[in-house]
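K.L.:
target36.cif (mmCIF, C-alpha atoms) pasted underneath:
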data_my_file
loop_
_atom_site.group_PDB
_atom_site.id
_atom_site.type_symbol
_atom_site.label_atom_id
_atom_site.label_comp_id
_atom_site.auth_asym_id
_atom_site.auth_seq_id
_atom_site.Cartn_x
_atom_site.Cartn_y
_atom_site.Cartn_z
ATOM 1 C CA MET A 78 -12.079 -4.410 10.434
ATOM 2 C CA VAL A 79 -11.861 -8.151 9.804
ATOM 3 C CA CYS A 80 -11.962 -7.461 6.057
ATOM 4 C CA ALA A 81 -9.253 -4.797 6.422
ATOM 5 C CA LEU A 82 -7.018 -7.278 8.240
ATOM 6 C CA ALA A 83 -7.736 -9.973 5.634
ATOM 7 C CA SER A 84 -6.704 -7.461 2.984
ATOM 8 C CA ALA A 85 -3.468 -6.804 4.890
ATOM 9 C CA VAL A 86 -2.707 -10.543 4.964
ATOM 10 C CA CYS A 87 -3.176 -10.779 1.199
ATOM 11 C CA PHE A 88 -1.124 -7.667 0.422
ATOM 12 C CA GLY A 89 1.634 -8.581 2.874
ATOM 13 C CA THR A 90 2.073 -12.038 1.403
ATOM 14 C CA ALA A 91 1.888 -10.721 -2.162
ATOM 15 C CA SER A 92 4.678 -8.193 -1.548
ATOM 16 C CA VAL A 93 7.162 -10.979 -0.804
ATOM 17 C CA PHE A 94 6.405 -12.745 -4.095
ATOM 18 C CA GLN A 95 6.473 -9.479 -6.042
ATOM 19 C CA ALA A 96 9.746 -8.300 -4.511
ATOM 20 C CA VAL A 97 11.471 -11.552 -5.467
ATOM 21 C CA ALA A 98 10.051 -11.367 -9.008
ATOM 22 C CA ALA A 99 10.974 -7.685 -9.438
ATOM 23 C CA ARG A 100 14.565 -8.331 -8.375
ATOM 24 C CA ALA A 101 14.813 -11.305 -10.741
ATOM 25 C CA ALA A 102 13.557 -9.303 -13.741
ATOM 26 C CA GLU A 103 16.134 -7.820 -16.095
ATOM 27 C CA PRO A 104 16.863 -4.148 -15.291
ATOM 28 C CA GLY A 105 15.581 -1.518 -17.678
ATOM 29 C CA THR A 106 16.617 2.035 -18.446
ATOM 30 C CA GLY A 107 16.557 3.325 -14.861
ATOM 31 C CA SER A 108 13.472 5.516 -15.430
ATOM 32 C CA GLY A 109 11.118 5.978 -12.524
ATOM 33 C CA VAL A 110 8.164 4.660 -14.534
ATOM 34 C CA ASP A 111 9.166 1.638 -16.608
ATOM 35 C CA PRO A 112 6.161 -0.231 -18.086
ATOM 36 C CA ALA A 113 8.532 -2.747 -19.712
ATOM 37 C CA LEU A 114 9.757 -3.764 -16.264
ATOM 38 C CA LEU A 115 6.198 -4.615 -15.258
ATOM 39 C CA VAL A 116 5.835 -6.702 -18.428
ATOM 40 C CA ARG A 117 9.049 -8.599 -17.620
ATOM 41 C CA ALA A 118 7.914 -9.187 -14.050
ATOM 42 C CA LEU A 119 4.572 -10.547 -15.300
ATOM 43 C CA ARG A 120 6.424 -13.409 -16.995
ATOM 44 C CA GLN A 121 7.277 -14.856 -13.576
ATOM 45 C CA TRP A 122 4.854 -17.023 -11.649
ATOM 46 C CA ARG A 123 5.712 -15.358 -8.349
ATOM 47 C CA TYR A 124 4.580 -11.973 -9.620
ATOM 48 C CA LEU A 125 1.375 -13.485 -11.006
ATOM 49 C CA ALA A 126 0.728 -15.205 -7.674
ATOM 50 C CA GLY A 127 1.247 -11.865 -5.961
ATOM 51 C CA LEU A 128 -1.239 -10.190 -8.316
ATOM 52 C CA GLY A 129 -3.782 -12.898 -7.528
ATOM 53 C CA LEU A 130 -3.401 -12.232 -3.822
ATOM 54 C CA ASP A 131 -3.596 -8.491 -4.483
ATOM 55 C CA SER A 132 -6.897 -8.996 -6.313
ATOM 56 C CA VAL A 133 -8.403 -10.891 -3.389
ATOM 57 C CA GLY A 134 -7.029 -8.293 -0.988
ATOM 58 C CA PHE A 135 -8.554 -5.476 -3.047
ATOM 59 C CA VAL A 136 -12.016 -7.026 -2.721
ATOM 60 C CA PHE A 137 -11.594 -7.145 1.061
ATOM 61 C CA GLN A 138 -10.303 -3.572 0.967
ATOM 62 C CA ILE A 139 -13.395 -2.319 -0.880
ATOM 63 C CA ILE A 140 -15.690 -3.981 1.652
ATOM 64 C CA ALA A 141 -13.739 -2.422 4.525
ATOM 65 C CA LEU A 142 -13.640 1.051 2.971
ATOM 66 C CA ARG A 143 -17.418 1.009 2.539
ATOM 67 C CA SER A 144 -17.898 0.170 6.221
ATOM 68 C CA ILE A 145 -15.254 1.809 8.445
ATOM 69 C CA PRO A 146 -13.203 5.060 8.342
ATOM 70 C CA ILE A 147 -10.343 5.397 5.888
ATOM 71 C CA TYR A 148 -7.824 5.940 8.693
ATOM 72 C CA ALA A 149 -8.618 2.501 10.154
ATOM 73 C CA VAL A 150 -8.269 0.774 6.783
ATOM 74 C CA GLY A 151 -5.037 2.658 6.033
ATOM 75 C CA ALA A 152 -3.475 1.591 9.314
ATOM 76 C CA ALA A 153 -4.514 -2.016 8.693
ATOM 77 C CA LEU A 154 -2.946 -1.923 5.224
ATOM 78 C CA ALA A 155 0.278 -0.514 6.689
ATOM 79 C CA ALA A 156 0.224 -3.504 9.029
ATOM 80 C CA SER A 157 0.647 -5.726 5.977
ATOM 81 C CA LEU A 158 4.361 -5.181 6.593
ATOM 82 C CA ALA A 159 4.032 -7.255 9.748
ATOM 83 C CA VAL A 160 2.552 -10.010 7.588
ATOM 84 C CA THR A 161 5.396 -9.542 5.105
ATOM 85 C CA ALA A 162 7.931 -9.908 7.915
ATOM 86 C CA VAL A 163 6.437 -13.185 9.128
ATOM 87 C CA VAL A 164 6.056 -14.595 5.584
ATOM 88 C CA ALA A 165 9.592 -13.508 4.644
ATOM 89 C CA ALA A 166 10.912 -15.187 7.777
ATOM 90 C CA ARG A 167 9.326 -18.477 6.678
ATOM 91 C CA LEU A 168 9.649 -18.457 2.885
ATOM 92 C CA LEU A 169 12.908 -16.539 2.478
ATOM 93 C CA ARG A 170 14.509 -17.849 5.681
ATOM 94 C CA ILE A 171 15.087 -14.356 7.051
ATOM 95 C CA ARG A 172 15.643 -14.466 10.799
ATOM 96 C CA LEU A 173 13.665 -11.915 12.797
ATOM 97 C CA SER A 174 15.467 -10.349 15.722
ATOM 98 C CA GLY A 175 13.801 -9.798 19.069
ATOM 99 C CA THR A 176 13.400 -6.103 18.194
ATOM 100 C CA GLU A 177 11.656 -6.972 14.943
ATOM 101 C CA TRP A 178 9.287 -9.396 16.643
ATOM 102 C CA GLY A 179 8.629 -6.548 19.057
ATOM 103 C CA ALA A 180 7.749 -4.307 16.091
ATOM 104 C CA VAL A 181 5.237 -6.924 14.904
ATOM 105 C CA GLY A 182 3.697 -6.816 18.358
ATOM 106 C CA VAL A 183 3.621 -2.996 18.261
ATOM 107 C CA VAL A 184 1.698 -3.103 14.972
ATOM 108 C CA CYS A 185 -0.838 -5.498 16.472
ATOM 109 C CA LEU A 186 -1.189 -3.301 19.556
ATOM 110 C CA GLY A 187 -1.782 -0.202 17.443
ATOM 111 C CA LEU A 188 -4.441 -1.967 15.385
ATOM 112 C CA GLY A 189 -6.141 -3.182 18.551
ATOM 113 C CA LEU A 190 -6.317 0.359 19.924
ATOM 114 C CA LEU A 191 -7.578 1.630 16.593
ATOM 115 C CA ALA A 192 -10.292 -1.025 16.428
ATOM 116 C CA LEU A 193 -11.533 -0.006 19.869
ATOM 117 C CA ALA A 194 -11.651 3.685 18.952
ATOM 118 C CA SER A 195 -12.926 3.587 15.356
ATOM 119 C CA GLY A 196 -16.437 4.804 14.661
ATOM 120 C CA GLU A 197 -18.498 4.389 11.514
ATOM 121 C CA GLU A 198 -17.460 5.781 8.152
ATOM 122 C CA GLY A 199 -18.406 9.401 7.489
ATOM 123 C CA SER A 200 -21.684 10.159 5.737
ATOM 124 C CA ARG A 201 -20.692 13.557 4.349
ATOM 125 C CA PRO A 202 -21.393 13.630 0.588
ATOM 126 C CA ALA A 203 -18.367 13.825 -1.683
ATOM 127 C CA THR A 204 -18.032 16.950 -3.797
ATOM 128 C CA THR A 205 -17.304 16.930 -7.520
ATOM 129 C CA ALA A 206 -14.197 19.018 -6.827
ATOM 130 C CA LEU A 207 -12.793 16.286 -4.541
ATOM 131 C CA LYS A 208 -13.377 13.638 -7.210
ATOM 132 C CA TRP A 209 -11.485 15.669 -9.810
ATOM 133 C CA THR A 210 -8.759 16.396 -7.269
ATOM 134 C CA MET A 211 -8.220 12.660 -6.789
ATOM 135 C CA LEU A 212 -7.938 12.211 -10.561
ATOM 136 C CA GLY A 213 -5.353 15.003 -10.673
ATOM 137 C CA ALA A 214 -3.435 13.390 -7.808
ATOM 138 C CA ALA A 215 -3.360 10.083 -9.700
ATOM 139 C CA ALA A 216 -1.918 11.828 -12.767
ATOM 140 C CA ALA A 217 0.661 13.556 -10.553
ATOM 141 C CA VAL A 218 1.858 10.144 -9.334
ATOM 142 C CA LEU A 219 2.971 9.298 -12.874
ATOM 143 C CA LEU A 220 4.813 12.612 -13.207
ATOM 144 C CA VAL A 221 6.611 12.023 -9.899
ATOM 145 C CA GLY A 222 7.682 8.577 -11.069
ATOM 146 C CA THR A 223 9.113 9.992 -14.294
ATOM 147 C CA ALA A 224 11.064 12.674 -12.428
ATOM 148 C CA ALA A 225 12.351 10.128 -9.881
ATOM 149 C CA GLY A 226 14.396 8.398 -12.584
ATOM 150 C CA ARG A 227 17.001 11.169 -12.337
ATOM 151 C CA LEU A 228 17.559 10.818 -8.588
ATOM 152 C CA PRO A 229 20.274 8.796 -6.763
ATOM 153 C CA ASP A 230 19.342 5.221 -5.856
ATOM 154 C CA ARG A 231 18.253 5.725 -2.237
ATOM 155 C CA SER A 232 16.395 9.000 -2.897
ATOM 156 C CA ARG A 233 14.797 7.458 -5.968
ATOM 157 C CA ALA A 234 13.520 4.474 -3.980
ATOM 158 C CA LEU A 235 12.016 6.766 -1.333
ATOM 159 C CA VAL A 236 10.310 9.002 -3.911
ATOM 160 C CA LEU A 237 9.046 6.021 -5.911
ATOM 161 C CA GLY A 238 7.724 4.421 -2.725
ATOM 162 C CA LEU A 239 6.037 7.655 -1.667
ATOM 163 C CA GLY A 240 4.526 8.000 -5.130
ATOM 164 C CA ALA A 241 3.282 4.404 -5.028
ATOM 165 C CA GLY A 242 1.800 4.960 -1.572
ATOM 166 C CA THR A 243 0.067 8.095 -2.790
ATOM 167 C CA GLY A 244 -1.363 6.135 -5.719
ATOM 168 C CA PHE A 245 -2.715 3.457 -3.390
ATOM 169 C CA GLY A 246 -4.027 6.248 -1.158
ATOM 170 C CA VAL A 247 -5.915 7.681 -4.131
ATOM 171 C CA VAL A 248 -7.483 4.246 -4.588
ATOM 172 C CA GLU A 249 -8.608 4.199 -0.934
ATOM 173 C CA VAL A 250 -10.293 7.582 -1.228
ATOM 174 C CA ALA A 251 -11.726 6.897 -4.700
ATOM 175 C CA VAL A 252 -13.545 3.799 -3.443
ATOM 176 C CA ARG A 253 -15.422 6.046 -1.014
ATOM 177 C CA LEU A 254 -16.191 8.584 -3.766
ATOM 178 C CA ILE A 255 -17.958 6.079 -6.020
ATOM 179 C CA ASP A 256 -21.675 6.627 -5.442
ATOM 180 C CA GLY A 257 -22.986 3.602 -7.312
ATOM 181 C CA PHE A 258 -21.744 0.656 -9.329
ATOM 182 C CA ALA A 259 -24.155 0.917 -12.239
ATOM 183 C CA PRO A 260 -22.184 1.126 -15.531
ATOM 184 C CA GLY A 261 -23.505 4.591 -16.357
ATOM 185 C CA ALA A 262 -22.653 5.992 -12.936
ATOM 186 C CA LEU A 263 -19.143 4.514 -13.045
ATOM 187 C CA VAL A 264 -18.388 5.954 -16.485
ATOM 188 C CA ALA A 265 -19.568 9.442 -15.485
ATOM 189 C CA ASN A 266 -17.681 9.530 -12.179
ATOM 190 C CA PRO A 267 -14.117 10.996 -12.210
ATOM 191 C CA ALA A 268 -13.355 8.871 -9.119
ATOM 192 C CA THR A 269 -13.561 5.733 -11.276
ATOM 193 C CA TYR A 270 -10.713 6.952 -13.464
ATOM 194 C CA ALA A 271 -8.787 8.122 -10.400
ATOM 195 C CA LEU A 272 -9.039 4.587 -8.989
ATOM 196 C CA LEU A 273 -7.812 2.957 -12.212
ATOM 197 C CA LEU A 274 -5.035 5.468 -12.925
ATOM 198 C CA GLY A 275 -3.892 5.673 -9.298
ATOM 199 C CA GLY A 276 -3.783 1.896 -8.874
ATOM 200 C CA GLY A 277 -1.978 1.299 -12.164
ATOM 201 C CA ALA A 278 0.576 4.043 -11.534
ATOM 202 C CA ALA A 279 1.188 2.766 -7.995
ATOM 203 C CA PHE A 280 1.973 -0.739 -9.281
ATOM 204 C CA LEU A 281 4.425 0.652 -11.845
ATOM 205 C CA LEU A 282 6.256 2.786 -9.308
ATOM 206 C CA LEU A 283 6.325 0.127 -6.613
ATOM 207 C CA THR A 284 7.719 -2.504 -8.992
ATOM 208 C CA SER A 285 10.493 -0.110 -10.067
ATOM 209 C CA ALA A 286 11.241 0.824 -6.446
ATOM 210 C CA LEU A 287 11.551 -2.806 -5.366
ATOM 211 C CA GLN A 288 14.019 -3.567 -8.124
ATOM 212 C CA ARG A 289 16.244 -0.511 -8.253
ATOM 213 C CA GLY A 290 16.796 0.806 -4.754
ATOM 214 C CA SER A 291 16.570 0.341 -1.027
ATOM 215 C CA VAL A 292 13.444 -1.614 -0.190
ATOM 216 C CA THR A 293 13.505 -0.101 3.301
ATOM 217 C CA ALA A 294 13.371 3.435 1.891
ATOM 218 C CA ALA A 295 10.715 2.481 -0.669
ATOM 219 C CA THR A 296 8.542 0.833 1.961
ATOM 220 C CA ALA A 297 8.825 3.812 4.303
ATOM 221 C CA GLY A 298 7.555 6.084 1.536
ATOM 222 C CA LEU A 299 4.827 3.582 0.677
ATOM 223 C CA VAL A 300 3.529 3.387 4.258
ATOM 224 C CA LEU A 301 3.464 7.165 4.709
ATOM 225 C CA GLY A 302 1.824 7.772 1.337
ATOM 226 C CA GLU A 303 -0.986 5.276 1.779
ATOM 227 C CA THR A 304 -1.882 6.173 5.393
ATOM 228 C CA VAL A 305 -1.457 9.832 6.302
ATOM 229 C CA GLY A 306 -2.995 11.568 3.264
ATOM 230 C CA PRO A 307 -6.086 9.352 2.937
ATOM 231 C CA ALA A 308 -6.701 9.573 6.699
ATOM 232 C CA VAL A 309 -6.726 13.384 6.513
ATOM 233 C CA VAL A 310 -9.096 13.358 3.531
ATOM 234 C CA GLY A 311 -11.437 10.972 5.326
ATOM 235 C CA VAL A 312 -11.604 13.055 8.508
ATOM 236 C CA VAL A 313 -11.665 16.552 6.965
ATOM 237 C CA TRP A 314 -13.707 16.075 3.789
ATOM 238 C CA LEU A 315 -15.716 12.872 4.257
ATOM 239 C CA GLY A 316 -16.615 13.166 7.937
ATOM 240 C CA ASP A 317 -14.902 10.074 9.366
ATOM 241 C CA ARG A 318 -15.118 10.084 13.151
ATOM 242 C CA THR A 319 -14.149 8.011 16.173
ATOM 243 C CA ARG A 320 -16.241 6.656 19.021
ATOM 244 C CA GLU A 321 -17.412 9.347 21.426
ATOM 245 C CA GLY A 322 -14.505 10.542 23.569
ATOM 246 C CA LEU A 323 -11.985 8.160 22.016
ATOM 247 C CA GLY A 324 -10.386 10.428 19.430
ATOM 248 C CA TRP A 325 -7.112 10.422 21.383
ATOM 249 C CA LEU A 326 -7.075 6.617 21.389
ATOM 250 C CA ALA A 327 -7.582 6.503 17.612
ATOM 251 C CA VAL A 328 -4.684 8.919 17.071
ATOM 252 C CA LEU A 329 -2.482 6.883 19.409
ATOM 253 C CA GLY A 330 -3.402 3.571 17.742
ATOM 254 C CA PHE A 331 -2.831 5.004 14.257
ATOM 255 C CA ALA A 332 0.581 6.399 15.222
ATOM 256 C CA VAL A 333 1.652 3.183 16.963
ATOM 257 C CA ALA A 334 0.587 0.953 14.039
ATOM 258 C CA VAL A 335 2.339 3.134 11.438
ATOM 259 C CA ALA A 336 5.501 3.413 13.570
ATOM 260 C CA GLY A 337 5.647 -0.368 13.938
ATOM 261 C CA ALA A 338 5.156 -0.777 10.190
ATOM 262 C CA LEU A 339 7.986 1.642 9.429
ATOM 263 C CA ALA A 340 10.257 -0.357 11.728
ATOM 264 C CA LEU A 341 9.573 -3.406 9.543
ATOM 265 C CA GLY A 342 10.334 -1.634 6.279
ATOM 266 C CA ARG A 343 13.037 -4.029 5.075
ATOM 267 C CA PHE A 344 10.686 -6.994 4.788
ATOM 268 C CA GLY A 345 9.760 -6.538 1.160
ATOM 269 C CA GLU A 346 13.337 -7.478 0.323
ATOM 270 C CA PRO A 347 14.383 -10.976 -0.645
ATOM 271 C CA ALA A 348 17.303 -12.627 1.084
ATOM 272 C CA PRO A 349 20.649 -11.876 -0.590
ATOM 273 C CA ALA A 350 22.017 -14.577 -2.812
ATOM 274 C CA VAL A 351 24.832 -16.656 -1.337
ATOM 275 C CA GLU A 352 27.914 -16.971 -3.536
ATOM 276 C CA PRO A 353 29.272 -20.543 -3.814
ATOM 277 C CA PRO A 354 32.800 -21.019 -2.445
ATOM 278 C CA ALA A 355 35.641 -20.871 -4.947
ATOM 279 C CA GLY A 356 36.508 -24.282 -6.382
#
Could you render the structure from this file as structure tokens?
P.N.:
Amino acid sequence: MVCALASAVCFGTASVFQAVAARAAEPGTGSGVDPALLVRALRQWRYLAGLGLDSVGFVFQIIALRSIPIYAVGAALAASLAVTAVVAARLLRIRLSGTEWGAVGVVCLGLGLLALASGEEGSRPATTALKWTMLGAAAAVLLVGTAAGRLPDRSRALVLGLGAGTGFGVVEVAVRLIDGFAPGALVANPATYALLLGGGAAFLLLTSALQRGSVTAATAGLVLGETVGPAVVGVVWLGDRTREGLGWLAVLGFAVAVAGALALGRFGEPAPAVEPPAG
């Protein structure tokens, strides 16, 4: 759980840098998936700094996913929005209201409940069908992003965010589906390609969502996509469980943490530029 929280700190801080860089990049064609936008964002040091933090966070995420249930890791990653809120308040000089500080506290409360209730990760062996399903889901993320380019701004941001969250959710599940890290085993495992395709597609969609639409809507889709689906897969197909008799507490903690994160959805958004006075 400590590694999951460390991952949330890295991802939450990175999202502030990446949001600022994405907004500063020149707009593209308006397509849901715009690889050129990612290339333009990579020219900015803030985006590169965010990627560095994401890389460190991903290492922590892998360690956590190999040790505790997916639902606990997913809730911790959703809590990265609380980190984003605090970092945005300091770096971007965004003032948090009392309600928003309360939402940060709600996230922390939910994670505390979840930590008390979480059991060990499931030991049920992954089926080949599930591995191929994850690869298909990763490919579907790209198709959703392409179709989202035709939607209105707010709907497009929500769909792109949901697609990005689903891609990151595929990564969470795929980490659990990798049986060994020997080169031969990695090459032969469909989950390896699901991890790479899902992660890459998620970055493309999230970068487009942060630049072209409501960050609040995009973040709401992101949180839902990366928490609910992977949690269900972990419990139903991989055997994730809670401590004896504490299933209700895990459900409550998960719901509280995600609700608090959704309340903080606007904190991937940089502060609006201030126009100088005339003359």
K.L.:
With distances taken over all atoms listed in the file, which of A:Ala262, A:Val97, A:Val312, A:Ala83 is nearest to A:Ala327?
P.N.:
A:Val312
K.L.:
Provide the atom CA of A:Gly226 to atom CA of A:Gly246 distance in Å, to one decimal place.
P.N.:
21.8 Å
K.L.:
One decimal, in Å: what's the spacing between atom CA of A:Gly337 and atom CA of A:Phe88?
P.N.:
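Computed distance, atom CA of A:Gly337 to atom CA of A:Phe88, equals 16.8 Å.
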K.L.:
Please measure the separation of atom CA of A:Glu177 and atom CA of A:Val247, giving the value in Å to one decimal.
P.N.:
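Separation between atom CA of A:Glu177 and atom CA of A:Val247: 29.8 Å.
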K.L.:
Could you tell me, as JSON, numbers by chain, which residues have any atom at most 10 Å from (-0.4, 3.6, -10.0), counting only C-alpha atoms?
P.N.:
{"A": [110, 215, 216, 218, 219, 222, 240, 241, 242, 243, 244, 245, 246, 247, 248, 271, 272, 273, 274, 275, 276, 277, 278, 279, 280, 281, 282, 283]}
K.L.:
I'd like to see the residues matched by the PyMOL selection byres ((chain A and resi 121) around 10) on this file, and ideally I'd get them as an mmCIF file with C-alpha atoms, keeping the file's coordinate frame.
P.N.:
data_model
loop_
_atom_site.group_PDB
_atom_site.id
_atom_site.type_symbol
_atom_site.label_atom_id
_atom_site.label_comp_id
_atom_site.auth_asym_id
_atom_site.auth_seq_id
_atom_site.Cartn_x
_atom_site.Cartn_y
_atom_site.Cartn_z
ATOM 1 C CA PHE A 94 6.405 -12.745 -4.095
ATOM 2 C CA GLN A 95 6.473 -9.479 -6.042
ATOM 3 C CA VAL A 97 11.471 -11.552 -5.467
ATOM 4 C CA ALA A 98 10.051 -11.367 -9.008
ATOM 5 C CA ALA A 99 10.974 -7.685 -9.438
ATOM 6 C CA ALA A 101 14.813 -11.305 -10.741
ATOM 7 C CA ALA A 102 13.557 -9.303 -13.741
ATOM 8 C CA VAL A 116 5.835 -6.702 -18.428
ATOM 9 C CA ARG A 117 9.049 -8.599 -17.620
ATOM 10 C CA ALA A 118 7.914 -9.187 -14.050
ATOM 11 C CA LEU A 119 4.572 -10.547 -15.300
ATOM 12 C CA ARG A 120 6.424 -13.409 -16.995
ATOM 13 C CA TRP A 122 4.854 -17.023 -11.649
ATOM 14 C CA ARG A 123 5.712 -15.358 -8.349
ATOM 15 C CA TYR A 124 4.580 -11.973 -9.620
ATOM 16 C CA LEU A 125 1.375 -13.485 -11.006
ATOM 17 C CA ALA A 126 0.728 -15.205 -7.674
#
K.L.:
Care to translate the PyMOL selection byres ((chain A and resi 253) around 12) into actual residues of this file, as a ChimeraX atom specification?
P.N.:
/A:138-147,150,198-204,207-208,211,246-252,254-258,266,268-269,271-272,307,310-311,314-317
K.L.:
With 5 Å of padding per side, what axis-aligned box (centre and edge lengths, Å, one decimal) covers all the listed atoms of stretch 316-319 of chain A? Give it as JSON.
P.N.:
{"center_x": -15.4, "center_y": 10.6, "center_z": 12.1, "size_x": 12.5, "size_y": 15.2, "size_z": 18.2}
K.L.:
Evaluate the PyMOL selection byres ((chain A and resi 304) around 7) here and jot the selected residues down as a PyMOL selection string.
P.N.:
chain A and resi 148+151-152+246+300-303+305-308
K.L.:
With all atoms listed in the file as the basis for distance, which of A:Ser92, A:Leu191, A:Leu212, A:Gly298 is at the shortest distance from A:Arg318?
P.N.:
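Of all the options, A:Leu191 lies closest to A:Arg318.
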K.L.:
Looking at all atoms listed in the file, which of A:Thr284, A:Ser195, A:Ser132, A:Thr296 is the one that sits closest to A:Thr319?
P.N.:
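Counting all atoms listed in the file, the residue closest to A:Thr319 is A:Ser195.
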K.L.:
Which of these, A:Gly129, A:Gly179, A:Pro260, A:Gly89, has the shortest distance to A:Ala155 once you count all atoms listed in the file?
P.N.:
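Closest candidate: A:Gly89.
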K.L.:
Using all atoms listed in the file for the distances, tell me which of A:Ala153, A:Ala259, A:Val309, A:Val86 is nearest to A:Gly187.
P.N.:
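Checking each of A:Ala153, A:Ala259, A:Val309, A:Val86 against A:Gly187, counting all atoms listed in the file, the winner is A:Ala153.
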K.L.:
Ranking A:Ala297, A:Ala194, A:Leu130, A:Val184 by minimum distance to A:Trp325 and counting all atoms listed in the file, which one comes first?
P.N.:
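Smallest separation from A:Trp325 among the options: A:Ala194.
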